[in-house]
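Enquirer: Below you'll find the structure I mean.
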Amino acid sequence: MIFSGEFVNGVDLVDVCLWAFTIFFLWLIYYLQREGMREGYPLEEDPSGRTEAPALVFFPPKKSYNLPNGRGTIEMTYGKADTREHALNRTAPWAGSPFVPSGDPMKDGVGPASYAMRDDVPDLNWDGTDRIAPYRLHPDYTVSEKDLDPRGLPVVGLDRMVAGTVTDLWVDRSEAIIRYLEVKLEGTGEHVLLPVPFSNVSRTRKRVEVDAIKASHFAGVPRTKSPDRVTRLEEDMISGYYGGGTLYATPQRQEPWL
């Protein structure tokens with residue numbers, strides 16, 4: 001009879017469960033290790049940039065990813081490598097040695113001014129509309145009466161010189177918060193974006209203060225291809241430029257404090 005004990009006669013069910021768990025656990029380690037090698041691999045030697053050969057055991061197979069908003073699919077094994085030539089010089093030949101900029105660090109995108117090579121397309125909402133857009137395209141957005149509307153206020157840099165005037169606000173429509181101030185530059189009349197975290201709207205002085213860069217540096221802020229849209233890559237480049245100013249805007253900021 002199959003249920004009278006003969007079917008499992010001489011078989012230790014505890015031993016079977018132990019082996020089943022061990023095989024599953026080893027397979028799980030293998031799977032996680034292989035999938036974990038999709039980011040940050042293949043490894044690069046820091047001083048020379050030499051890339052190691054692909055792994056033999058944990059080499060991940062190609063995988064297809066569905067892009068959102070009908071942008072198709074992408075197939076890859078490893079993540080895309082950053083092949084840009086950076087304007088940096090090593091201070092020593094060993095791995096981990098510091099770099100020093102060899103050009104204009106704020107424009108070259110190095111150090112705190114660095115940025116990731118994101119897709120050069122706008123970030124979209126779930127319904128396919130632009131996530132970040134200026135107020136002028138969405139008049140239903142307003143500034144709270146409890147806050148000072150920065151539109152029309154002058155923008156000053158760390159040298160307290162006037163760089164331009166705020167002409168519009170760019171709102172994140174997925175979270176209903178203001179991401180950027182649009183600034184019309186003095187003299188040229190060009191428009192650039194100012195990330196809100198780098199600005200201070202002073203109610204007492206009736207102006208927008210920026211401590212990251214000087215007024216003259218606003219002319220070098222990366223522009224957007226479209227006057228009403230900003231792409232993911234442009235967002236990183238703009239934020240990186242202001243971030244670079246926190247260290248490179250003046251020579252004194254690069255000196256040690258002690």
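Quick note on naming: the chains in the structure tokens go A, B, ... in the order shown, residues restart at 1 in each chain, and ligands are numbered from 1 in order of appearance.
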Report as a list in words: the residues of region 124-208 of chain A with a DSSP assignment of helix (DSSP H, G or I), based on the backbone of this structure.
Expert: Tyr135, Arg136, Leu137, Val196, Pro197 and Phe198 of chain A
Enquirer: Contacts of Leu158 (chain A) at 7 Å or less, counting only C-alpha atoms, minus same-chain residues fewer than 2 places along, as a list in words?
Expert: Val156, Arg160, Val210, Asp211, Ala212, Ile213 and Lys214 of chain A
Enquirer: Any chance you can output those residues with all heavy atoms as a PDB file, in the first residue's frame?
Expert:
ATOM      1  N   VAL A 156      20.085  87.490  -6.754  1.00  0.00           N
ATOM      2  CA  VAL A 156      21.454  87.928  -6.507  1.00  0.00           C
ATOM      3  C   VAL A 156      22.321  86.704  -6.212  1.00  0.00           C
ATOM      4  O   VAL A 156      21.866  85.723  -5.641  1.00  0.00           O
ATOM      5  CB  VAL A 156      21.519  88.922  -5.324  1.00  0.00           C
ATOM      6  CG1 VAL A 156      20.710  90.169  -5.635  1.00  0.00           C
ATOM      7  CG2 VAL A 156      21.030  88.281  -4.030  1.00  0.00           C
ATOM      8  N   ARG A 160      26.296  89.187  -4.086  1.00  0.00           N
ATOM      9  CA  ARG A 160      25.162  90.091  -3.905  1.00  0.00           C
ATOM     10  C   ARG A 160      24.981  91.058  -5.061  1.00  0.00           C
ATOM     11  O   ARG A 160      24.414  92.140  -4.911  1.00  0.00           O
ATOM     12  CB  ARG A 160      25.285  90.848  -2.580  1.00  0.00           C
ATOM     13  CG  ARG A 160      25.173  89.920  -1.356  1.00  0.00           C
ATOM     14  CD  ARG A 160      23.874  89.145  -1.392  1.00  0.00           C
ATOM     15  NE  ARG A 160      23.745  88.189  -0.293  1.00  0.00           N
ATOM     16  CZ  ARG A 160      23.811  86.854  -0.424  1.00  0.00           C
ATOM     17  NH1 ARG A 160      24.041  86.333  -1.630  1.00  0.00           N
ATOM     18  NH2 ARG A 160      23.654  86.061   0.602  1.00  0.00           N
ATOM     19  N   VAL A 210      21.187  83.549  -3.774  1.00  0.00           N
ATOM     20  CA  VAL A 210      21.855  82.304  -4.159  1.00  0.00           C
ATOM     21  C   VAL A 210      23.293  82.368  -3.664  1.00  0.00           C
ATOM     22  O   VAL A 210      24.052  83.253  -4.082  1.00  0.00           O
ATOM     23  CB  VAL A 210      21.836  82.091  -5.693  1.00  0.00           C
ATOM     24  CG1 VAL A 210      22.539  80.789  -6.062  1.00  0.00           C
ATOM     25  CG2 VAL A 210      20.402  82.092  -6.205  1.00  0.00           C
ATOM     26  N   ASP A 211      23.649  81.477  -2.763  1.00  0.00           N
ATOM     27  CA  ASP A 211      25.003  81.462  -2.201  1.00  0.00           C
ATOM     28  C   ASP A 211      25.929  80.499  -2.918  1.00  0.00           C
ATOM     29  O   ASP A 211      27.116  80.445  -2.606  1.00  0.00           O
ATOM     30  CB  ASP A 211      24.949  81.089  -0.710  1.00  0.00           C
ATOM     31  CG  ASP A 211      24.300  82.177   0.130  1.00  0.00           C
ATOM     32  OD1 ASP A 211      24.411  83.361  -0.257  1.00  0.00           O
ATOM     33  OD2 ASP A 211      23.673  81.847   1.159  1.00  0.00           O
ATOM     34  N   ALA A 212      25.421  79.740  -3.879  1.00  0.00           N
ATOM     35  CA  ALA A 212      26.253  78.733  -4.549  1.00  0.00           C
ATOM     36  C   ALA A 212      27.176  79.353  -5.592  1.00  0.00           C
ATOM     37  O   ALA A 212      28.331  78.932  -5.735  1.00  0.00           O
ATOM     38  CB  ALA A 212      25.372  77.667  -5.192  1.00  0.00           C
ATOM     39  N   ILE A 213      26.689  80.339  -6.331  1.00  0.00           N
ATOM     40  CA  ILE A 213      27.474  80.909  -7.435  1.00  0.00           C
ATOM     41  C   ILE A 213      27.374  82.428  -7.422  1.00  0.00           C
ATOM     42  O   ILE A 213      26.493  83.007  -6.776  1.00  0.00           O
ATOM     43  CB  ILE A 213      27.004  80.376  -8.807  1.00  0.00           C
ATOM     44  CG1 ILE A 213      25.541  80.768  -9.059  1.00  0.00           C
ATOM     45  CG2 ILE A 213      27.181  78.867  -8.888  1.00  0.00           C
ATOM     46  CD1 ILE A 213      25.016  80.354 -10.413  1.00  0.00           C
ATOM     47  N   LYS A 214      28.284  83.056  -8.157  1.00  0.00           N
ATOM     48  CA  LYS A 214      28.245  84.500  -8.329  1.00  0.00           C
ATOM     49  C   LYS A 214      27.216  84.884  -9.402  1.00  0.00           C
ATOM     50  O   LYS A 214      26.758  84.036 -10.172  1.00  0.00           O
ATOM     51  CB  LYS A 214      29.621  85.028  -8.740  1.00  0.00           C
ATOM     52  CG  LYS A 214      30.709  84.860  -7.695  1.00  0.00           C
ATOM     53  CD  LYS A 214      32.011  85.433  -8.220  1.00  0.00           C
ATOM     54  CE  LYS A 214      33.126  85.311  -7.213  1.00  0.00           C
ATOM     55  NZ  LYS A 214      34.418  85.874  -7.712  1.00  0.00           N
TER      56      LYS A 214
END
Enquirer: Tell me which protein, DNA and RNA residues are within 8 Å of region 188-195 of chain A, counting only C-alpha atoms, leaving out same-chain ones fewer than 6 positions away, and put them as number ranges by chain.
Expert: A: 179-182, 218, 221-224, 238-239
Enquirer: Next, write the just-selected residues to a file, as a PDB file, in the first residue's frame, keeping C-alpha atoms as the atom set.
Expert:
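Final output, part06.pdb:
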ATOM      1  CA  ARG A 179      11.268  72.549  -8.323  1.00  0.00           C
ATOM      2  CA  TYR A 180      12.799  75.465 -10.232  1.00  0.00           C
ATOM      3  CA  LEU A 181      12.677  79.235 -10.539  1.00  0.00           C
ATOM      4  CA  GLU A 182      12.972  80.549 -14.072  1.00  0.00           C
ATOM      5  CA  PHE A 218      24.513  82.524 -14.146  1.00  0.00           C
ATOM      6  CA  VAL A 221      24.077  77.654 -16.366  1.00  0.00           C
ATOM      7  CA  PRO A 222      23.238  74.807 -18.803  1.00  0.00           C
ATOM      8  CA  ARG A 223      20.266  75.677 -20.989  1.00  0.00           C
ATOM      9  CA  THR A 224      17.245  73.564 -21.838  1.00  0.00           C
ATOM     10  CA  ILE A 238      21.769  72.181 -14.034  1.00  0.00           C
ATOM     11  CA  SER A 239      21.896  70.903 -10.457  1.00  0.00           C
TER      12      SER A 239
END
Enquirer: Please provide the set of residues having any atom within 12 Å of Asp228 (chain A), restricted to only C-alpha atoms, with same-chain residues fewer than 3 positions apart removed, written as an MDAnalysis selection string.
Expert: chainID A and resid 122 130:138 168:171 182 191:193 223:225 231
Enquirer: Keeping N, CA and C atoms for every residue in the selection just given, could you write it to a file as an mmCIF file, in the first residue's frame?
Expert:
data_model
loop_
_atom_site.group_PDB
_atom_site.id
_atom_site.type_symbol
_atom_site.label_atom_id
_atom_site.label_comp_id
_atom_site.auth_asym_id
_atom_site.auth_seq_id
_atom_site.Cartn_x
_atom_site.Cartn_y
_atom_site.Cartn_z
ATOM 1 N N PRO A 122 12.225 64.118 -21.149
ATOM 2 C CA PRO A 122 11.540 64.630 -19.964
ATOM 3 C C PRO A 122 11.034 63.503 -19.069
ATOM 4 N N ASP A 130 4.185 65.721 -18.975
ATOM 5 C CA ASP A 130 5.427 66.155 -18.337
ATOM 6 C C ASP A 130 5.228 66.298 -16.836
ATOM 7 N N ARG A 131 6.167 65.751 -16.082
ATOM 8 C CA ARG A 131 6.073 65.842 -14.626
ATOM 9 C C ARG A 131 6.403 67.252 -14.147
ATOM 10 N N ILE A 132 7.394 67.879 -14.779
ATOM 11 C CA ILE A 132 7.806 69.220 -14.391
ATOM 12 C C ILE A 132 7.456 70.180 -15.524
ATOM 13 N N ALA A 133 6.756 71.245 -15.189
ATOM 14 C CA ALA A 133 6.298 72.186 -16.211
ATOM 15 C C ALA A 133 6.173 73.566 -15.583
ATOM 16 N N PRO A 134 6.297 74.634 -16.390
ATOM 17 C CA PRO A 134 6.163 75.991 -15.851
ATOM 18 C C PRO A 134 4.720 76.338 -15.517
ATOM 19 N N TYR A 135 4.573 77.285 -14.618
ATOM 20 C CA TYR A 135 3.244 77.742 -14.211
ATOM 21 C C TYR A 135 2.448 78.266 -15.392
ATOM 22 N N ARG A 136 3.118 78.893 -16.352
ATOM 23 C CA ARG A 136 2.388 79.538 -17.445
ATOM 24 C C ARG A 136 1.583 78.543 -18.271
ATOM 25 N N LEU A 137 1.977 77.279 -18.231
ATOM 26 C CA LEU A 137 1.219 76.257 -18.955
ATOM 27 C C LEU A 137 0.106 75.656 -18.112
ATOM 28 N N HIS A 138 0.111 75.968 -16.820
ATOM 29 C CA HIS A 138 -0.894 75.404 -15.906
ATOM 30 C C HIS A 138 -1.361 76.503 -14.963
ATOM 31 N N ASP A 168 9.141 83.044 -13.788
ATOM 32 C CA ASP A 168 8.149 81.976 -13.699
ATOM 33 C C ASP A 168 8.616 80.914 -12.721
ATOM 34 N N LEU A 169 7.702 80.031 -12.361
ATOM 35 C CA LEU A 169 7.977 78.926 -11.459
ATOM 36 C C LEU A 169 7.704 77.619 -12.187
ATOM 37 N N TRP A 170 8.546 76.608 -11.944
ATOM 38 C CA TRP A 170 8.361 75.295 -12.543
ATOM 39 C C TRP A 170 7.932 74.327 -11.456
ATOM 40 N N VAL A 171 6.784 73.722 -11.646
ATOM 41 C CA VAL A 171 6.177 72.894 -10.615
ATOM 42 C C VAL A 171 6.334 71.415 -10.957
ATOM 43 N N GLU A 182 12.473 80.129 -12.766
ATOM 44 C CA GLU A 182 12.972 80.549 -14.072
ATOM 45 C C GLU A 182 13.471 81.984 -13.967
ATOM 46 N N HIS A 191 16.950 82.929 -20.532
ATOM 47 C CA HIS A 191 16.281 82.324 -19.388
ATOM 48 C C HIS A 191 17.049 81.079 -18.947
ATOM 49 N N VAL A 192 17.264 80.964 -17.642
ATOM 50 C CA VAL A 192 17.907 79.788 -17.067
ATOM 51 C C VAL A 192 17.065 79.317 -15.881
ATOM 52 N N LEU A 193 17.291 78.071 -15.478
ATOM 53 C CA LEU A 193 16.565 77.508 -14.350
ATOM 54 C C LEU A 193 17.445 77.523 -13.102
ATOM 55 N N ARG A 223 21.590 75.310 -20.473
ATOM 56 C CA ARG A 223 20.266 75.677 -20.989
ATOM 57 C C ARG A 223 19.436 74.426 -21.292
ATOM 58 N N THR A 224 18.147 74.623 -21.400
ATOM 59 C CA THR A 224 17.245 73.564 -21.838
ATOM 60 C C THR A 224 16.985 73.717 -23.334
ATOM 61 N N LYS A 225 16.806 72.589 -24.002
ATOM 62 C CA LYS A 225 16.542 72.637 -25.446
ATOM 63 C C LYS A 225 15.182 73.261 -25.743
ATOM 64 N N THR A 231 14.643 68.009 -19.533
ATOM 65 C CA THR A 231 14.874 66.570 -19.584
ATOM 66 C C THR A 231 15.596 66.116 -18.329
#
Enquirer: Which residues come within 12 Å of Gly96 (chain A), counting only C-alpha atoms, excluding same-chain residues fewer than 3 positions away, as an MDAnalysis selection string?
Expert: chainID A and resid 45:48 90:93 99
Enquirer: Restricting the calculation to only C-alpha atoms: of A:Ala20, A:Leu26, A:Leu56, A:Ala95, which residue gets closest to Glu44 (chain A)?
Expert: A:Ala95
Enquirer: Have a look at A:Glu35, A:Glu75, A:Asp120, A:Glu235 and name the one nearest to Phe58 (chain A); count only C-alpha atoms.
Expert: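 The shortest atom-to-atom distance to Phe58 (chain A) comes from A:Glu35.
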Enquirer: Just the residues within 10 Å of region 109-113 of chain A, please, counting only C-alpha atoms, with nothing from its chain fewer than 4 positions along; format it as a list in words.
Expert: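 In the requested form, the answer reads His86, Ala87, Leu88, Phe99, Val100, Pro101, Ser102, Gly103, Asp104, Pro105, Asp236, Met237, Ile238, Ser239, Gly240, Tyr241, Tyr242, Gly243, Gly244, Gly245, Thr246, Leu247 and Tyr248 of chain A.
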Enquirer: With only C-alpha atoms as the basis for distance, which of A:Lys107, A:Lys184, A:His217, A:Arg232 is at the shortest distance from Thr167 (chain A)?
Expert: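 Of all the options, A:Lys184 lies closest to Thr167 (chain A).
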Enquirer: Go through region 9-253 of chain A and collect every residue that DSSP, computed from the backbone, puts in strand (DSSP E or B); the answer should be as a PyMOL selection string.
Expert: chain A and resi 44+51+63-66+73-76+88-90+99-101+122+124+130+132-134+154-156+162-172+177-185+191-195+200-202+207-209+226+229+231
Enquirer: Find the distance between CA of Val162 (chain A) and CA of Gln252 (chain A) and write it in Å to one decimal.
Expert: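 If I compute the distance from CA of Val162 (chain A) to CA of Gln252 (chain A), I get 21.5 Å.
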